[in-house]
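**Student:** One file: input.txt (compact mmCIF, C-alpha atoms).
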# COMPACT_ATOMS: atom_id res chain seq x y z
CA MET A 1 -54.81 13.14 51.13
CA GLU A 2 -52.11 12.34 48.57
CA PRO A 3 -49.77 9.35 49.19
CA THR A 4 -46.81 11.73 49.55
CA ASP A 5 -48.65 13.76 52.16
CA ARG A 6 -49.54 10.59 54.06
CA ALA A 7 -45.90 9.52 54.11
CA LEU A 8 -44.79 12.91 55.39
CA GLN A 9 -47.50 12.87 58.06
CA TRP A 10 -46.51 9.35 59.15
CA SER A 11 -42.86 10.42 59.40
CA ALA A 12 -43.75 13.44 61.47
CA ASP A 13 -45.93 11.37 63.79
CA THR A 14 -43.14 8.82 64.21
CA VAL A 15 -40.64 11.49 65.16
CA THR A 16 -42.89 13.49 67.47
CA ARG A 17 -44.90 10.78 69.14
CA PRO A 18 -43.31 9.82 72.45
CA ASP A 19 -44.64 6.27 72.25
CA ALA A 20 -43.16 5.63 68.78
CA PRO A 21 -40.65 2.74 68.69
CA HIS A 22 -37.05 3.92 68.78
CA ARG A 23 -34.64 1.80 66.77
CA THR A 24 -30.95 2.16 67.49
CA ARG A 25 -28.09 0.66 65.55
CA ARG A 26 -25.46 -1.10 67.54
CA PRO A 27 -22.00 0.17 66.68
CA THR A 28 -19.78 -2.28 64.86
CA PRO A 29 -16.91 -3.51 67.04
CA MET A 30 -13.72 -1.83 65.97
CA TRP A 31 -11.84 -5.09 65.46
CA VAL A 32 -14.43 -6.14 62.88
CA ARG A 33 -13.36 -3.20 60.74
CA SER A 34 -9.80 -4.46 60.86
CA ALA A 35 -10.96 -7.94 59.86
CA ARG A 36 -12.94 -6.52 56.95
CA TYR A 37 -9.75 -5.14 55.44
CA TRP A 38 -8.18 -8.60 55.33
CA MET A 39 -11.38 -10.04 53.87
CA TYR A 40 -11.38 -7.39 51.15
CA GLN A 41 -7.73 -8.03 50.40
CA TYR A 42 -8.32 -11.80 50.17
CA LYS A 43 -10.96 -11.21 47.51
CA ARG A 44 -8.10 -10.15 45.23
CA THR A 45 -5.62 -12.91 46.16
CA TRP A 46 -7.72 -16.01 46.93
CA ARG A 47 -6.74 -17.79 43.72
CA GLY A 48 -3.15 -18.01 44.83
CA SER A 49 -4.13 -19.86 48.02
CA ILE A 50 -6.01 -22.69 46.32
CA THR A 51 -2.88 -24.81 45.94
CA THR A 52 -1.69 -24.65 49.54
CA SER A 53 -5.18 -24.67 51.07
CA PHE A 54 -6.92 -27.40 49.10
CA LEU A 55 -4.78 -29.01 46.40
CA PHE A 56 -1.88 -30.12 48.58
CA PRO A 57 -4.08 -31.99 51.10
CA VAL A 58 -5.92 -33.74 48.27
CA LEU A 59 -2.61 -34.75 46.71
CA TYR A 60 -1.40 -36.05 50.07
CA LEU A 61 -4.56 -38.11 50.52
CA THR A 62 -4.27 -39.50 47.02
CA ALA A 63 -0.53 -40.11 46.83
CA ILE A 64 0.20 -41.19 50.40
CA GLY A 65 -3.22 -42.26 51.67
CA LEU A 66 -4.25 -44.29 48.62
CA GLY A 67 -0.87 -44.87 46.96
CA VAL A 68 1.34 -45.76 49.91
CA GLY A 69 -1.70 -47.04 51.80
CA SER A 70 -2.23 -49.71 49.13
CA LEU A 71 1.15 -51.17 50.15
CA ILE A 72 0.22 -51.31 53.83
CA HIS A 73 -1.91 -54.41 54.33
CA HIS A 74 -2.21 -54.30 58.11
CA PRO A 75 -4.15 -51.82 60.27
CA VAL A 76 -2.34 -48.77 61.58
CA ASP A 77 -3.39 -48.10 65.16
CA GLY A 78 -6.44 -50.30 64.53
CA VAL A 79 -7.72 -48.54 61.37
CA ARG A 80 -6.90 -48.25 57.67
CA PHE A 81 -3.85 -46.17 56.90
CA LEU A 82 -5.99 -43.70 54.94
CA ASP A 83 -8.33 -43.29 57.93
CA PHE A 84 -5.31 -42.78 60.17
CA LEU A 85 -3.72 -40.23 57.85
CA ALA A 86 -6.64 -37.96 56.90
CA PRO A 87 -7.42 -36.36 60.30
CA GLY A 88 -3.74 -35.67 60.83
CA LEU A 89 -3.56 -33.84 57.51
CA LEU A 90 -6.54 -31.76 58.58
CA ALA A 91 -4.67 -30.56 61.67
CA SER A 92 -1.40 -30.04 59.78
CA THR A 93 -3.15 -28.00 57.10
CA ALA A 94 -4.56 -25.76 59.84
CA MET A 95 -1.06 -25.39 61.31
CA GLN A 96 0.45 -24.39 57.97
CA ILE A 97 -2.27 -21.88 57.14
CA GLY A 98 -2.22 -20.34 60.61
CA GLY A 99 1.56 -20.08 60.53
CA ASN A 100 1.75 -18.72 56.98
CA ASP A 101 -0.90 -16.05 57.53
CA ALA A 102 0.84 -14.86 60.69
CA MET A 103 4.28 -14.42 59.13
CA TYR A 104 4.61 -12.42 55.91
CA PRO A 105 1.23 -10.65 56.15
CA VAL A 106 2.21 -9.32 59.59
CA MET A 107 5.64 -8.29 58.35
CA ALA A 108 4.11 -6.57 55.33
CA ALA A 109 1.54 -4.77 57.46
CA ILE A 110 4.32 -3.41 59.68
CA LYS A 111 7.27 -2.79 57.38
CA TRP A 112 6.42 -2.95 53.69
CA LEU A 113 2.80 -1.86 53.24
CA LYS A 114 2.44 -0.27 56.70
CA THR A 115 -1.19 -1.34 56.82
CA TYR A 116 -1.20 -1.49 60.60
CA PHE A 117 -0.07 2.12 60.85
CA ALA A 118 -2.83 3.19 58.47
CA MET A 119 -5.34 1.41 60.71
CA LEU A 120 -3.93 3.10 63.79
CA ALA A 121 -4.47 6.48 62.12
CA THR A 122 -8.20 5.74 62.53
CA PRO A 123 -10.01 5.19 65.85
CA LEU A 124 -8.74 1.58 65.89
CA SER A 125 -6.45 0.61 68.76
CA VAL A 126 -3.54 -1.83 68.70
CA ILE A 127 -5.76 -4.54 70.19
CA ASP A 128 -8.38 -3.92 67.49
CA VAL A 129 -5.72 -4.32 64.81
CA LEU A 130 -4.42 -7.54 66.36
CA ILE A 131 -7.81 -9.13 67.09
CA GLY A 132 -9.09 -8.21 63.65
CA HIS A 133 -6.17 -9.90 61.93
CA LEU A 134 -6.39 -13.02 64.08
CA ALA A 135 -10.17 -13.14 63.57
CA TRP A 136 -9.63 -13.13 59.82
CA ILE A 137 -7.13 -15.98 60.15
CA ALA A 138 -9.66 -17.92 62.23
CA LEU A 139 -12.35 -17.36 59.60
CA ARG A 140 -10.04 -18.56 56.85
CA LEU A 141 -9.14 -21.61 58.91
CA PHE A 142 -12.83 -22.37 59.39
CA VAL A 143 -13.50 -22.27 55.65
CA VAL A 144 -10.47 -24.39 54.77
CA CYS A 145 -11.14 -26.98 57.48
CA SER A 146 -14.79 -27.24 56.47
CA ILE A 147 -13.93 -27.86 52.83
CA TYR A 148 -11.21 -30.30 53.79
CA LEU A 149 -13.67 -32.25 55.96
CA LEU A 150 -15.94 -32.57 52.92
CA ILE A 151 -12.98 -33.89 50.92
CA MET A 152 -12.29 -36.41 53.69
CA ALA A 153 -15.90 -37.53 53.53
CA ALA A 154 -15.58 -38.01 49.77
CA PHE A 155 -12.58 -40.28 50.45
CA GLY A 156 -14.65 -42.26 52.96
CA THR A 157 -12.53 -41.41 56.00
CA VAL A 158 -15.25 -39.87 58.21
CA HIS A 159 -16.69 -42.43 60.62
CA SER A 160 -18.48 -40.40 63.28
CA PRO A 161 -20.86 -37.41 63.52
CA LEU A 162 -18.31 -35.96 65.95
CA ALA A 163 -16.21 -35.20 62.90
CA LEU A 164 -18.10 -31.92 62.62
CA VAL A 165 -16.38 -30.83 65.83
CA ALA A 166 -13.04 -31.42 64.11
CA VAL A 167 -13.60 -28.19 62.17
CA PRO A 168 -13.47 -25.86 65.22
CA VAL A 169 -10.67 -28.02 66.61
CA GLY A 170 -8.76 -27.42 63.39
CA VAL A 171 -9.38 -23.69 63.80
CA LEU A 172 -8.08 -23.84 67.36
CA THR A 173 -5.01 -25.78 66.20
CA GLY A 174 -4.26 -23.14 63.59
CA MET A 175 -4.72 -20.33 66.11
CA ALA A 176 -2.36 -22.08 68.53
CA PHE A 177 0.31 -21.39 65.90
CA ALA A 178 -0.98 -18.12 64.44
CA ALA A 179 -1.04 -16.15 67.70
CA PRO A 180 2.51 -17.01 68.89
CA ILE A 181 3.96 -16.63 65.39
CA ALA A 182 2.25 -13.24 64.98
CA ALA A 183 3.83 -12.21 68.27
CA PHE A 184 7.21 -13.29 66.92
CA ALA A 185 6.70 -11.64 63.52
CA ALA A 186 5.96 -8.29 65.18
CA THR A 187 9.47 -8.29 66.65
CA GLN A 188 11.32 -8.94 63.40
CA VAL A 189 13.05 -6.32 61.27
CA ASN A 190 13.31 -8.67 58.26
CA ASP A 191 11.95 -12.02 57.13
CA MET A 192 15.07 -14.11 57.86
CA GLY A 193 13.50 -15.54 61.00
CA PHE A 194 10.58 -17.00 59.06
CA SER A 195 12.80 -19.51 57.24
CA THR A 196 14.00 -20.67 60.64
CA ILE A 197 10.42 -21.28 61.74
CA TYR A 198 9.74 -23.31 58.61
CA ARG A 199 12.90 -25.40 58.86
CA PHE A 200 13.08 -26.03 62.59
CA VAL A 201 9.45 -25.77 63.73
CA LEU A 202 6.75 -26.35 61.13
CA ILE A 203 8.44 -29.04 59.03
CA PRO A 204 9.68 -31.14 62.00
CA LEU A 205 6.24 -30.89 63.60
CA PHE A 206 4.68 -32.03 60.35
CA LEU A 207 6.91 -35.10 60.28
CA PHE A 208 6.99 -36.13 63.94
CA SER A 209 3.56 -35.32 65.41
CA GLY A 210 1.84 -38.61 64.67
CA ILE A 211 0.41 -37.73 61.27
CA PHE A 212 1.99 -40.54 59.24
CA PHE A 213 2.70 -43.14 61.94
CA PRO A 214 1.84 -43.74 65.61
CA LEU A 215 4.16 -42.15 68.12
CA ASN A 216 4.80 -45.51 69.81
CA GLN A 217 7.08 -46.37 66.88
CA LEU A 218 9.50 -43.64 67.96
CA PRO A 219 12.24 -44.11 70.58
CA GLY A 220 11.05 -43.67 74.15
CA TRP A 221 12.77 -40.34 74.78
CA PHE A 222 11.50 -38.94 71.49
CA GLN A 223 7.94 -39.96 72.34
CA ALA A 224 8.09 -37.69 75.39
CA VAL A 225 9.28 -34.83 73.18
CA ALA A 226 6.55 -35.48 70.60
CA LEU A 227 3.85 -35.50 73.28
CA ALA A 228 4.84 -31.94 74.17
CA LEU A 229 4.52 -30.70 70.59
CA PRO A 230 1.44 -28.56 69.90
CA LEU A 231 0.58 -30.17 66.58
CA TYR A 232 0.38 -33.60 68.20
CA HIS A 233 -2.51 -32.46 70.37
CA GLY A 234 -4.38 -31.12 67.37
CA VAL A 235 -3.74 -34.31 65.41
CA ALA A 236 -4.82 -36.57 68.26
CA LEU A 237 -7.97 -34.58 68.93
CA CYS A 238 -9.01 -34.40 65.27
CA ARG A 239 -8.30 -38.11 64.78
CA GLY A 240 -10.36 -39.09 67.81
CA LEU A 241 -13.30 -36.97 66.66
CA VAL A 242 -13.25 -38.20 63.06
CA LEU A 243 -12.95 -41.85 64.09
CA GLY A 244 -15.37 -41.53 67.01
CA HIS A 245 -12.77 -42.47 69.65
CA VAL A 246 -12.96 -39.62 72.14
CA GLY A 247 -11.70 -40.22 75.66
CA VAL A 248 -10.63 -38.26 78.70
CA SER A 249 -7.38 -37.35 76.98
CA ALA A 250 -9.39 -35.08 74.67
CA VAL A 251 -9.74 -32.62 77.55
CA VAL A 252 -5.95 -32.46 77.89
CA HIS A 253 -5.50 -31.90 74.16
CA LEU A 254 -8.13 -29.18 74.13
CA ALA A 255 -6.73 -27.43 77.20
CA TYR A 256 -3.23 -27.46 75.71
CA LEU A 257 -4.39 -25.75 72.51
CA VAL A 258 -6.53 -23.18 74.36
CA VAL A 259 -3.71 -22.24 76.73
CA LEU A 260 -1.19 -21.93 73.91
CA SER A 261 -3.55 -19.73 71.89
CA ALA A 262 -4.26 -17.52 74.90
CA LEU A 263 -0.59 -17.14 75.75
CA GLY A 264 0.18 -16.29 72.14
CA LEU A 265 -2.52 -13.62 72.18
CA VAL A 266 -1.16 -12.05 75.38
CA VAL A 267 2.40 -11.97 74.07
CA ALA A 268 1.24 -10.68 70.68
CA ALA A 269 -0.60 -7.79 72.35
CA ARG A 270 2.68 -6.76 74.01
CA THR A 271 4.90 -7.13 70.95
CA TYR A 272 2.38 -5.33 68.73
CA ARG A 273 2.11 -2.44 71.17
CA ARG A 274 5.88 -2.21 71.50
CA ARG A 275 6.40 -2.24 67.73
CA LEU A 276 3.49 -0.06 66.62
CA VAL A 277 3.24 2.52 69.39
CA THR A 278 6.51 2.88 71.26
Would you give me this structure, written as C-alpha cells?
**Tutor:**
Amino acid sequence: MEPTDRALQWSADTVTRPDAPHRTRRPTPMWVRSARYWMYQYKRTWRGSITTSFLFPVLYLTAIGLGVGSLIHHPVDGVRFLDFLAPGLLASTAMQIGGNDAMYPVMAAIKWLKTYFAMLATPLSVIDVLIGHLAWIALRLFVVCSIYLLIMAAFGTVHSPLALVAVPVGVLTGMAFAAPIAAFAATQVNDMGFSTIYRFVLIPLFLFSGIFFPLNQLPGWFQAVALALPLYHGVALCRGLVLGHVGVSAVVHLAYLVVLSALGLVVAARTYRRRLVT
C-alpha cells in the first residue's frame, strides 16, 4: 500500500471508529479577542511608551535616589533613602500607567476612533470590551513592573525574595486606578476632565503618598488624609515586600486595593453600557 493510501485509510479509520479519540478545541473567551486588539495596536506604538514606562523611573532613581540621597546622611524610616524611594516609585509608575491607559485610549475608542463600537458589531458584549481593555492594561502593568523590579535590583534596592510579589501588587495598584478612571472616561464628551485628574488627583497623590518621605513628617490631620489615599496603600505594600518588612497591615493595604479595583469595575460596567448601548 502506498504512503498516501495509508494516510487516507488512517484518516477514515479515525473518523469512523467509535473508539477513536475525539479532540475538541475550547473556544477562546470573547474578552481575549478584545485584548488582542490592544496588543496588536501596542506593537505599532510601543516605542513612544519607553520614556514614561522605563526612562522616567530610572531618571528618578538616579537623580533623586542617588543624587539627593547622597546629601541625606541619616536613615529614612530605618533604611537608605534610595531603598526607601525605589519601591514607592514602582507603585507610582503603576498608578501613572494605569491612569494614562484608561483615559485617552478609552476616549478614543468611544469618540474618535470608535473602536468599541466596531467591537460591539461583532459577537463581543460590552463586558467583553471592558474586560479585554482592562486585561490589556493589567498585562502592560505586569511587564513594566517586572522590568522596573529588575532595574531596582541593579540599583541594589531589593532586600527580600518577597520583592517578587511586588510585581502583582504593582499591577493591582495600577488597576485600582485604571478601573475607576475608565469608568469616568466613559462618561466624558471631551478630554477636559482628564487634565483635572492629572492636576488634582495623580500629581498630588504622587507627592503626598509617602514616596519621598514618611507620612509622619506631615501634619496630623494631613496624615489621616494621606492614609485614605489609594496610592499610599500600594506604596506601603510594595515597600514592605521589597524590604522584607511585611506585617498585619499588609492585609489592610491589599484589601483596600482589591475593593477599589472591584468597585471601579462595577461602575465601569454601568458607564460603558450606558454610553455604548443606550
**Student:** For segment 118-212 of chain A against segment 107-111 of chain A, with a cut-off of 10 Å and counting all atoms listed in the file, what is the closest atom pair and its distance in Å to one decimal for every residue that makes the cut, ordered by chain and number, as JSON lines?
**Tutor:**
{"residue": "A:Ala118", "atom": "CA", "partner": "A:Ala109", "partner_atom": "CA", "distance": 9.1}
{"residue": "A:Met119", "atom": "CA", "partner": "A:Ala109", "partner_atom": "CA", "distance": 9.8}
{"residue": "A:Ala182", "atom": "CA", "partner": "A:Met107", "partner_atom": "CA", "distance": 8.9}
{"residue": "A:Ala185", "atom": "CA", "partner": "A:Met107", "partner_atom": "CA", "distance": 6.3}
{"residue": "A:Ala186", "atom": "CA", "partner": "A:Met107", "partner_atom": "CA", "distance": 6.8}
{"residue": "A:Thr187", "atom": "CA", "partner": "A:Met107", "partner_atom": "CA", "distance": 9.1}
{"residue": "A:Gln188", "atom": "CA", "partner": "A:Met107", "partner_atom": "CA", "distance": 7.6}
{"residue": "A:Val189", "atom": "CA", "partner": "A:Lys111", "partner_atom": "CA", "distance": 7.8}
{"residue": "A:Asn190", "atom": "CA", "partner": "A:Met107", "partner_atom": "CA", "distance": 7.7}
{"residue": "A:Asp191", "atom": "CA", "partner": "A:Met107", "partner_atom": "CA", "distance": 7.4}
**Student:** What lies within 6 Å of segment 91-97 of chain A using only C-alpha atoms, ignoring chain neighbours under 5 positions off, as a PyMOL selection string?
**Tutor:** chain A and resi 170+174+234-235
**Student:** To one decimal in Å, tell me the separation between atom CA of Val248 of chain A and atom CA of His233 of chain A.
**Tutor:** 13.0 Å
**Student:** Might you pull out every residue within 12 Å of Leu254 of chain A, with only C-alpha atoms counted and same-chain residues fewer than 4 positions away left off, and present them as a list of chain:residue names?
**Tutor:** A:Val165, A:Ala166, A:Pro168, A:Val169, A:Gly170, A:Val171, A:Leu172, A:Thr173, A:Ala176, A:Pro230, A:Leu231, A:Tyr232, A:His233, A:Gly234, A:Val235, A:Ala236, A:Leu237, A:Cys238, A:Gly240, A:Leu241, A:Val246, A:Gly247, A:Val248, A:Ser249, A:Ala250, A:Val258, A:Val259, A:Leu260, A:Ser261
**Student:** What separation in Å, quoted to one decimal, exists between atom CA of Pro27 of chain A and atom CA of Ala269 of chain A?
**Tutor:**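 Here the two named atoms are 23.5 Å from each other.
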**Student:** Using only C-alpha atoms, which of A:Val79, A:Ile131, A:Ile203, A:Val143 sits nearest Pro29 of chain A?
**Tutor:**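 Checking each of A:Val79, A:Ile131, A:Ile203, A:Val143 against Pro29 of chain A, counting only C-alpha atoms, the winner is A:Ile131.
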**Student:** Tell me, in Å to one decimal, how far atom CA of Phe208 of chain A is from atom CA of Ala228 of chain A.
**Tutor:** 11.3 Å
**Student:** Near Leu66 of chain A, within 12 Å and counting only C-alpha atoms, which residues show up once chain neighbours fewer than 2 positions away are dropped, as a ChimeraX atom specification?
**Tutor:** /A:58-64,68-73,80-86,155-157
**Student:** Please provide the set of residues having any atom within 9 Å of Ile137 of chain A, restricted to only C-alpha atoms, with same-chain residues fewer than 5 positions apart removed, written as a PDB file with C-alpha atoms, in the frame of the given file.
**Tutor:**
ATOM      1  CA  ALA A  35     -10.960  -7.940  59.860  1.00  0.00           C
ATOM      2  CA  TRP A  38      -8.180  -8.600  55.330  1.00  0.00           C
ATOM      3  CA  ILE A  97      -2.270 -21.880  57.140  1.00  0.00           C
ATOM      4  CA  GLY A  98      -2.220 -20.340  60.610  1.00  0.00           C
ATOM      5  CA  ASP A 101      -0.900 -16.050  57.530  1.00  0.00           C
ATOM      6  CA  ALA A 102       0.840 -14.860  60.690  1.00  0.00           C
ATOM      7  CA  GLY A 132      -9.090  -8.210  63.650  1.00  0.00           C
ATOM      8  CA  PHE A 142     -12.830 -22.370  59.390  1.00  0.00           C
ATOM      9  CA  VAL A 171      -9.380 -23.690  63.800  1.00  0.00           C
ATOM     10  CA  GLY A 174      -4.260 -23.140  63.590  1.00  0.00           C
ATOM     11  CA  MET A 175      -4.720 -20.330  66.110  1.00  0.00           C
ATOM     12  CA  ALA A 178      -0.980 -18.120  64.440  1.00  0.00           C
TER      13      ALA A 178
END
**Student:** Counting all atoms listed in the file, which of A:Tyr37, A:Phe213, A:Phe184, A:Phe206 gets nearest to Leu229 of chain A?
**Tutor:**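 Smallest distance to Leu229 of chain A is found for A:Phe206.
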**Student:** Can you pull out the residues contacting Ser195 of chain A? Cut-off 12 Å, using all atoms listed in the file, and skip same-chain residues under 6 positions away; I want them as a PyMOL selection string.
**Tutor:** chain A and resi 99-100+103-104+185+201-203
**Student:** Could you list as a PyMOL selection string every residue that has an atom within 12 Å of (-3.6, -0.3, 58.5), using the file's coordinates and counting all atoms listed in the file?
**Tutor:** chain A and resi 31+33-38+41+105-106+108-126+128-130+132-133+276
**Student:** Measuring atom to atom with all atoms listed in the file, identify which of A:Ile211, A:Val242, A:Ile147, A:Ala226 is nearest to His159 of chain A.
**Tutor:**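 Among the listed residues, A:Val242 lies closest to His159 of chain A.
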**Student:** Since fewer atoms than expected are present, regenerate N, CA and C atoms for segment 77-89 of chain A and write them as a PDB file, in the frame of the given file.
**Tutor:**
ATOM      1  N   ASP A  77      -2.690 -48.533  63.941  1.00  0.00           N
ATOM      2  CA  ASP A  77      -3.390 -48.100  65.160  1.00  0.00           C
ATOM      3  C   ASP A  77      -4.854 -48.536  65.129  1.00  0.00           C
ATOM      4  N   GLY A  78      -5.100 -49.707  64.528  1.00  0.00           N
ATOM      5  CA  GLY A  78      -6.440 -50.300  64.530  1.00  0.00           C
ATOM      6  C   GLY A  78      -7.335 -49.879  63.388  1.00  0.00           C
ATOM      7  N   VAL A  79      -6.879 -49.016  62.480  1.00  0.00           N
ATOM      8  CA  VAL A  79      -7.720 -48.540  61.370  1.00  0.00           C
ATOM      9  C   VAL A  79      -6.903 -48.598  60.075  1.00  0.00           C
ATOM     10  N   ARG A  80      -7.603 -48.350  58.947  1.00  0.00           N
ATOM     11  CA  ARG A  80      -6.900 -48.250  57.670  1.00  0.00           C
ATOM     12  C   ARG A  80      -5.886 -47.102  57.713  1.00  0.00           C
ATOM     13  N   PHE A  81      -4.842 -47.237  56.931  1.00  0.00           N
ATOM     14  CA  PHE A  81      -3.850 -46.170  56.900  1.00  0.00           C
ATOM     15  C   PHE A  81      -4.458 -44.863  56.423  1.00  0.00           C
ATOM     16  N   LEU A  82      -5.353 -44.911  55.432  1.00  0.00           N
ATOM     17  CA  LEU A  82      -5.990 -43.700  54.940  1.00  0.00           C
ATOM     18  C   LEU A  82      -6.818 -43.034  56.037  1.00  0.00           C
ATOM     19  N   ASP A  83      -7.548 -43.838  56.817  1.00  0.00           N
ATOM     20  CA  ASP A  83      -8.330 -43.290  57.930  1.00  0.00           C
ATOM     21  C   ASP A  83      -7.430 -42.696  59.003  1.00  0.00           C
ATOM     22  N   PHE A  84      -6.263 -43.292  59.189  1.00  0.00           N
ATOM     23  CA  PHE A  84      -5.310 -42.780  60.170  1.00  0.00           C
ATOM     24  C   PHE A  84      -4.688 -41.473  59.695  1.00  0.00           C
ATOM     25  N   LEU A  85      -4.438 -41.372  58.405  1.00  0.00           N
ATOM     26  CA  LEU A  85      -3.720 -40.230  57.850  1.00  0.00           C
ATOM     27  C   LEU A  85      -4.587 -38.972  57.740  1.00  0.00           C
ATOM     28  N   ALA A  86      -5.818 -39.112  57.268  1.00  0.00           N
ATOM     29  CA  ALA A  86      -6.640 -37.960  56.900  1.00  0.00           C
ATOM     30  C   ALA A  86      -6.853 -36.957  58.026  1.00  0.00           C
ATOM     31  N   PRO A  87      -7.231 -37.369  59.236  1.00  0.00           N
ATOM     32  CA  PRO A  87      -7.420 -36.360  60.300  1.00  0.00           C
ATOM     33  C   PRO A  87      -6.132 -35.629  60.657  1.00  0.00           C
ATOM     34  N   GLY A  88      -5.001 -36.327  60.560  1.00  0.00           N
ATOM     35  CA  GLY A  88      -3.740 -35.670  60.830  1.00  0.00           C
ATOM     36  C   GLY A  88      -3.426 -34.594  59.805  1.00  0.00           C
ATOM     37  N   LEU A  89      -3.770 -34.850  58.547  1.00  0.00           N
ATOM     38  CA  LEU A  89      -3.560 -33.840  57.510  1.00  0.00           C
ATOM     39  C   LEU A  89      -4.473 -32.647  57.714  1.00  0.00           C
TER      40      LEU A  89
END
